[in-house]
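Down below is the structure, laid out as structure tokens.
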Amino acid sequence: MSNTPIHMQKLRQIIRLYSLGNGIKTINGMVGISRNTIKKYVKTWHSLDLNFEEFSSKSDAELSALFMATPSKPCSNKRLEELESVLPEFSQRLRRKGVIRDMLHKEYLQRYPDGYSRSRFNNALHTYLQLSRPVMHIEHKAGDKLYIDFTGSKLELTRPDGTVQAVEVFVAILGCSQLTYVEAVESQKKEDLILACENALHYFGGVPEAIVPDNLCSAVTKGSKYEAVLNEEFASFAEHYAVTVVPARVYKPRDKSLVEGAVKLIYRSIYTRLEGRGFSTLATLNAAIHSALEIHNNTPFSGRNYSRREQFEEIEREVLRPLNPLRYEVKKQVLVTVMKNSYVRLGEDIHYYSVPYNYIGKKVKILYTSARVDVYYRYTQIATHARSRIRYQYTTNAEHLAS
């Protein structure tokens with residue numbers, strides 16, 4: 001019999017012709033299969049004690065199992081069994097810092113001196129890791145998540161005095177339509193991150209159910225495998241727009257694979273268009289980025305006849321929730337002690353604000369914006385004032401003072 005299994009269609013022809021009374025030589029001339037192969041399958045058919053109707057009713061998979069099965073030969077490969085026995089342990093240890101494959105191979109040979117070479121060991125370990133770390137294709141729901149990150153490669157501004165300043169590049173992408181937003185900002189500080197996020201929401205014209213940041217210090221105070229601790233200011237921004245923040249898990253790059261893929265595309269579709277051009281301000285740089293971004297979003301996907309923008313307008317825009325009509329204003333905060341005269345000092349302006357006298361000596365938190373100063377004690381607001389930048393002056397509410 002040939003080493004290559006025949007198609008089930010050929011097998012059905014052989015058995016059908018044989019059941020009609022044709023001989024092996026005749027069947028050989030009609031189907032083009034060697035006589036020995038035909039004899040083999042006819043013999044197997046007889047051994048199965050099947051009539052032609054029962055044979056015809058079986059599926060290709062069933063016939064393959066009946067006719068192509070080869071008798072198993074008990075075979076014991078001690079070296080292979082020894083190698084397979086250490087793979088679960090070694091794959092776990094490989095995750096530890098400082099552990100490399102060469103080190104594990106040497107340890108393997110110490111246990112089993114007749115073991116496999118380094119290349120065979122590495123191939124077996126690689127195969128085991130691939131099988132033990134499967135991935136899943138995720139279908140992103142419309143309006144569900146917005147993924148955000150900063151690019152690894154920065155852009156540059158050339159100031160009028162000739163100095164060169166590196167600037168960060170913020171990227172946001174909607175999971176379903178993959179509509180992308182890009183903006184250059186001064187830094188990765190929380191003020192710049194929040195402003196860029198807010199601009200992205202206004203660019204999309206709505207709010208998704210969740211924002212998924214990488215574990216940026218400006219968004220996440222403490223990364224965690226289970227529950228990250230959000231930066232207080234970024235959490236306030238999210239509350240302002242009624243959006244949930246779901247940070248990517250630590251050491252789980254696939255959680256943010258979509259935005260990392262977007263970053264690679266941005267390098268090709270936007271960075272290349274900016275090469276050789278000089279920019280002196282963020283405004284001019286972002287204007288150039290915006291022009292290139294529109295081309296990127298309106299270019300059809302590879303192998304498809306629609307673009308990110310068209311997909312967004314068709315299936316995602318209408319499911320985004322409405323924006324808060326008021327822009328978010330970043331609040332700065334500082335912890336101070338209420339002085340004996342019932343005032344607190346805002347060090348940035350060197351200005352003093354009154355608080356109720358019964359909080360004298362207490363530690364309070366001042367949250368302030370460009371227009372307003374709020375004072376809190378244990379999450380309770382105890383005073384609010386219009387912000388004044390007159391140095392060494394006092395802003396007073398008479399009700400705060402003791403008699």
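Residue names in the structure tokens use chain letters A, B, ... in the order shown, residue numbers from 1 in each chain, and ligand numbers from 1 in the order shown.
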
> Using the chain letters and numbers from this document, which residues of range 264-353 of chain A does DSSP assign to alpha helix (DSSP H), as a list in words?
Replying inline: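 Alpha helix (DSSP H) assignments inside range 264-353 of chain A correspond to Lys264, Leu265, Ile266, Thr272, Arg273, Leu274, Leu282, Ala283, Thr284, Leu285, Asn286, Ala287, Ala288, Ile289, His290, Ser291, Ala292, Leu293, Glu294, Ile295, His296, Asn297, Asn298, Arg308, Arg309, Glu310 and Gln311 of chain A.
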
Tell me, as a short mmCIF file (atom, residue, chain, number, x, y, z; two decimals) with N, CA, C and O atoms, in the first residue's frame, which residues lie within 10 Å of Leu146 in chain A, counting only C-alpha atoms; anything in the same chain fewer than 2 positions away does not count.
data_model
loop_
_atom_site.label_atom_id
_atom_site.label_comp_id
_atom_site.auth_asym_id
_atom_site.auth_seq_id
_atom_site.Cartn_x
_atom_site.Cartn_y
_atom_site.Cartn_z
N GLY A 143 -18.49 51.38 20.93
CA GLY A 143 -18.63 52.28 22.08
C GLY A 143 -18.17 51.71 23.39
O GLY A 143 -18.44 52.28 24.44
N ASP A 144 -17.44 50.59 23.35
CA ASP A 144 -17.07 49.92 24.59
C ASP A 144 -15.81 50.50 25.23
O ASP A 144 -15.84 50.95 26.36
N ILE A 148 -5.55 54.06 25.36
CA ILE A 148 -4.66 55.21 25.28
C ILE A 148 -3.24 54.82 25.69
O ILE A 148 -3.03 53.90 26.48
N ALA A 172 -4.71 57.62 21.04
CA ALA A 172 -5.94 57.01 21.54
C ALA A 172 -6.65 56.32 20.38
O ALA A 172 -6.68 56.86 19.27
N ILE A 173 -7.20 55.14 20.63
CA ILE A 173 -7.87 54.39 19.56
C ILE A 173 -9.13 53.72 20.11
O ILE A 173 -9.11 53.11 21.18
N LEU A 174 -10.23 53.85 19.39
CA LEU A 174 -11.47 53.18 19.75
C LEU A 174 -11.39 51.72 19.33
O LEU A 174 -10.98 51.41 18.21
N GLY A 175 -11.80 50.83 20.22
CA GLY A 175 -11.62 49.41 19.99
C GLY A 175 -12.37 48.87 18.79
O GLY A 175 -11.85 48.05 18.05
N CYS A 176 -13.59 49.32 18.56
CA CYS A 176 -14.42 48.75 17.50
C CYS A 176 -14.05 49.29 16.12
O CYS A 176 -13.65 48.54 15.25
N GLN A 178 -11.64 51.45 15.40
CA GLN A 178 -10.21 51.73 15.31
C GLN A 178 -9.92 53.15 14.84
O GLN A 178 -8.83 53.45 14.35
N LEU A 179 -10.91 54.05 14.98
CA LEU A 179 -10.66 55.47 14.73
C LEU A 179 -9.62 55.94 15.72
O LEU A 179 -9.71 55.65 16.92
N THR A 180 -8.63 56.69 15.25
CA THR A 180 -7.45 57.01 16.05
C THR A 180 -7.32 58.52 16.25
O THR A 180 -7.68 59.30 15.36
N CYS A 197 -6.50 63.38 26.72
CA CYS A 197 -7.67 62.47 26.78
C CYS A 197 -8.96 63.23 26.48
O CYS A 197 -9.82 62.76 25.75
N ALA A 200 -9.23 64.02 22.92
CA ALA A 200 -9.60 62.82 22.17
C ALA A 200 -11.11 62.58 22.22
O ALA A 200 -11.75 62.27 21.21
N LEU A 201 -11.71 62.73 23.41
CA LEU A 201 -13.16 62.54 23.55
C LEU A 201 -13.92 63.53 22.68
O LEU A 201 -14.93 63.18 22.05
N VAL A 207 -18.43 59.76 24.45
CA VAL A 207 -17.71 59.08 25.53
C VAL A 207 -17.96 57.58 25.46
O VAL A 207 -19.12 57.15 25.40
N PRO A 208 -16.90 56.74 25.47
CA PRO A 208 -17.09 55.29 25.50
C PRO A 208 -17.43 54.83 26.92
O PRO A 208 -17.45 55.62 27.86
N GLU A 209 -17.66 53.53 27.05
CA GLU A 209 -17.95 52.98 28.37
C GLU A 209 -16.72 52.99 29.27
O GLU A 209 -16.83 53.16 30.48
N ALA A 210 -15.54 52.80 28.70
CA ALA A 210 -14.32 52.69 29.53
C ALA A 210 -13.12 53.23 28.77
O ALA A 210 -13.06 53.20 27.54
N ILE A 211 -12.15 53.72 29.55
CA ILE A 211 -10.84 54.10 29.04
C ILE A 211 -9.83 53.10 29.57
O ILE A 211 -9.82 52.80 30.77
N VAL A 212 -8.98 52.58 28.69
CA VAL A 212 -7.98 51.58 29.09
C VAL A 212 -6.59 52.20 28.90
O VAL A 212 -6.06 52.22 27.79
N PRO A 213 -6.00 52.72 30.00
CA PRO A 213 -4.64 53.25 29.89
C PRO A 213 -3.62 52.16 30.21
O PRO A 213 -3.94 51.15 30.85
N VAL A 245 -12.49 53.73 34.21
CA VAL A 245 -11.09 53.55 33.85
C VAL A 245 -10.70 52.12 34.21
O VAL A 245 -10.83 51.71 35.36
N VAL A 246 -10.23 51.36 33.22
CA VAL A 246 -9.83 49.97 33.43
C VAL A 246 -8.37 49.83 32.99
O VAL A 246 -8.10 49.54 31.83
N LEU A 258 -4.00 46.52 20.99
CA LEU A 258 -4.62 47.33 19.95
C LEU A 258 -3.94 48.68 19.82
O LEU A 258 -3.61 49.13 18.73
N VAL A 259 -3.70 49.35 20.96
CA VAL A 259 -3.06 50.67 20.90
C VAL A 259 -1.59 50.54 20.53
O VAL A 259 -1.03 51.42 19.86
#

>> Please list as a count of residues only every residue within 12 Å of range 8-12 of chain A, counting only C-alpha atoms and excluding residues in the same chain fewer than 2 positions away.
In response: 40

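Among the candidates A:Lys264, A:Arg111, A:His105, A:Arg35, the residue lying nearest to Phe150 in chain A is A:Lys264 (atoms considered: only C-alpha atoms).
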
> Residues at most 12 Å from Phe90 in chain A, counting only C-alpha atoms, excluding those fewer than 5 positions away in the same chain, as number ranges by chain?
Replying inline: A: 83-85, 95-96, 99-108, 121-122, 124-126, 128-129

Store the residues of this selection in a file with N, CA and C atoms, as a PDB file, in the first residue's frame.
ATOM      1  N   LEU A  83      12.747  14.681  29.039  1.00  0.00           N
ATOM      2  CA  LEU A  83      12.673  16.101  28.648  1.00  0.00           C
ATOM      3  C   LEU A  83      11.287  16.665  28.934  1.00  0.00           C
ATOM      4  N   GLU A  84      10.243  15.934  28.571  1.00  0.00           N
ATOM      5  CA  GLU A  84       8.879  16.418  28.785  1.00  0.00           C
ATOM      6  C   GLU A  84       8.550  16.583  30.259  1.00  0.00           C
ATOM      7  N   SER A  85       9.192  15.786  31.115  1.00  0.00           N
ATOM      8  CA  SER A  85       8.902  15.859  32.549  1.00  0.00           C
ATOM      9  C   SER A  85       9.393  17.161  33.191  1.00  0.00           C
ATOM     10  N   ARG A  95      10.159  32.587  33.720  1.00  0.00           N
ATOM     11  CA  ARG A  95       9.536  33.894  33.931  1.00  0.00           C
ATOM     12  C   ARG A  95      10.292  34.733  34.958  1.00  0.00           C
ATOM     13  N   ARG A  96      11.135  34.081  35.756  1.00  0.00           N
ATOM     14  CA  ARG A  96      11.843  34.809  36.806  1.00  0.00           C
ATOM     15  C   ARG A  96      12.976  35.640  36.224  1.00  0.00           C
ATOM     16  N   VAL A  99      16.745  34.349  34.802  1.00  0.00           N
ATOM     17  CA  VAL A  99      16.761  32.950  34.358  1.00  0.00           C
ATOM     18  C   VAL A  99      16.750  32.925  32.829  1.00  0.00           C
ATOM     19  N   ILE A 100      17.732  32.245  32.231  1.00  0.00           N
ATOM     20  CA  ILE A 100      17.809  32.143  30.777  1.00  0.00           C
ATOM     21  C   ILE A 100      17.799  30.672  30.359  1.00  0.00           C
ATOM     22  N   ARG A 101      17.597  30.422  29.080  1.00  0.00           N
ATOM     23  CA  ARG A 101      17.430  29.052  28.587  1.00  0.00           C
ATOM     24  C   ARG A 101      18.713  28.242  28.684  1.00  0.00           C
ATOM     25  N   ASP A 102      19.849  28.896  28.454  1.00  0.00           N
ATOM     26  CA  ASP A 102      21.118  28.174  28.562  1.00  0.00           C
ATOM     27  C   ASP A 102      21.327  27.623  29.973  1.00  0.00           C
ATOM     28  N   MET A 103      20.943  28.427  30.952  1.00  0.00           N
ATOM     29  CA  MET A 103      21.065  27.997  32.352  1.00  0.00           C
ATOM     30  C   MET A 103      20.194  26.773  32.606  1.00  0.00           C
ATOM     31  N   LEU A 104      18.968  26.802  32.074  1.00  0.00           N
ATOM     32  CA  LEU A 104      18.061  25.670  32.275  1.00  0.00           C
ATOM     33  C   LEU A 104      18.553  24.423  31.543  1.00  0.00           C
ATOM     34  N   HIS A 105      19.171  24.610  30.371  1.00  0.00           N
ATOM     35  CA  HIS A 105      19.680  23.451  29.623  1.00  0.00           C
ATOM     36  C   HIS A 105      20.818  22.782  30.382  1.00  0.00           C
ATOM     37  N   LYS A 106      21.688  23.580  30.983  1.00  0.00           N
ATOM     38  CA  LYS A 106      22.782  23.006  31.762  1.00  0.00           C
ATOM     39  C   LYS A 106      22.250  22.216  32.954  1.00  0.00           C
ATOM     40  N   GLU A 107      21.221  22.763  33.602  1.00  0.00           N
ATOM     41  CA  GLU A 107      20.625  22.051  34.731  1.00  0.00           C
ATOM     42  C   GLU A 107      19.969  20.756  34.263  1.00  0.00           C
ATOM     43  N   TYR A 108      19.340  20.812  33.089  1.00  0.00           N
ATOM     44  CA  TYR A 108      18.718  19.610  32.512  1.00  0.00           C
ATOM     45  C   TYR A 108      19.758  18.517  32.258  1.00  0.00           C
ATOM     46  N   PHE A 121      16.518  21.059  22.965  1.00  0.00           N
ATOM     47  CA  PHE A 121      15.929  21.470  24.241  1.00  0.00           C
ATOM     48  C   PHE A 121      15.165  22.786  24.079  1.00  0.00           C
ATOM     49  N   ASN A 122      15.793  23.770  23.401  1.00  0.00           N
ATOM     50  CA  ASN A 122      15.146  25.070  23.218  1.00  0.00           C
ATOM     51  C   ASN A 122      13.886  24.960  22.371  1.00  0.00           C
ATOM     52  N   ALA A 124      11.923  22.328  22.121  1.00  0.00           N
ATOM     53  CA  ALA A 124      10.886  21.675  22.924  1.00  0.00           C
ATOM     54  C   ALA A 124      10.286  22.654  23.932  1.00  0.00           C
ATOM     55  N   LEU A 125      11.143  23.491  24.543  1.00  0.00           N
ATOM     56  CA  LEU A 125      10.663  24.471  25.518  1.00  0.00           C
ATOM     57  C   LEU A 125       9.804  25.530  24.834  1.00  0.00           C
ATOM     58  N   HIS A 126      10.236  25.976  23.658  1.00  0.00           N
ATOM     59  CA  HIS A 126       9.468  26.974  22.911  1.00  0.00           C
ATOM     60  C   HIS A 126       8.093  26.437  22.535  1.00  0.00           C
ATOM     61  N   TYR A 128       6.400  24.073  24.026  1.00  0.00           N
ATOM     62  CA  TYR A 128       5.590  23.945  25.242  1.00  0.00           C
ATOM     63  C   TYR A 128       5.014  25.304  25.656  1.00  0.00           C
ATOM     64  N   LEU A 129       5.828  26.347  25.572  1.00  0.00           N
ATOM     65  CA  LEU A 129       5.366  27.684  25.943  1.00  0.00           C
ATOM     66  C   LEU A 129       4.251  28.164  25.021  1.00  0.00           C
TER      67      LEU A 129
END

> Which polymer residues have any atom within 9 Å of an atom of Arg327 in chain A, counting only C-alpha atoms, with same-chain residues fewer than 3 positions away left out, as a list in words?
Replying inline: Glu198, His240 and Asn324 of chain A

> So which residues touch Asn358 in chain A within 9 Å, counting only C-alpha atoms, skipping near sequence neighbours fewer than 4 positions away, as a VMD selection string?
Replying inline: chain A and resid 342 362 400 402

> Pick the closest to Thr299 in chain A from A:Met339, A:Gln130, A:Gly278, A:Ser269: which is it, counting only C-alpha atoms?
Replying inline: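 Closest to Thr299 in chain A, using only C-alpha atoms: A:Ser269.
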
> Which polymer residues have any atom within 9 Å of an atom of Leu157 in chain A, counting only C-alpha atoms, with same-chain residues fewer than 5 positions away left out, as an MDAnalysis selection string?
Replying inline: chainID A and resid 163:167 278:282 285

> Restricting the calculation to only C-alpha atoms, which member of A:Phe204, A:Phe301, A:Tyr394, A:Tyr181 is positioned closest to Asn286 in chain A?
Replying inline: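 Closest candidate: A:Tyr181.
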
>> as a PyMOL selection string, please: every residue in range 25-219 of chain A that DSSP puts in strand (DSSP E).
In response: chain A and resi 145-150+155-158+164-174+180-185+210-213

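When CA of Lys331 in chain A is paired with CA of Ile194 in chain A, their separation reads 11.1 Å.
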
> In Å, with one decimal, what is the gap from CA of Tyr343 in chain A to CA of Arg387 in chain A?
Replying inline: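 Going from CA of Tyr343 in chain A over to CA of Arg387 in chain A covers 14.3 Å.
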
>> Would you compute the distance between CA of Val86 in chain A and CA of Tyr112 in chain A? Give it in Å to one decimal.
In response: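 Pair CA of Val86 in chain A / CA of Tyr112 in chain A returns 10.5 Å.
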
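Using only C-alpha atoms for every distance, the candidate list A:Tyr377, A:Tyr306, A:Tyr147, A:Phe234 yields A:Phe234 as the residue closest to Lys189 in chain A.
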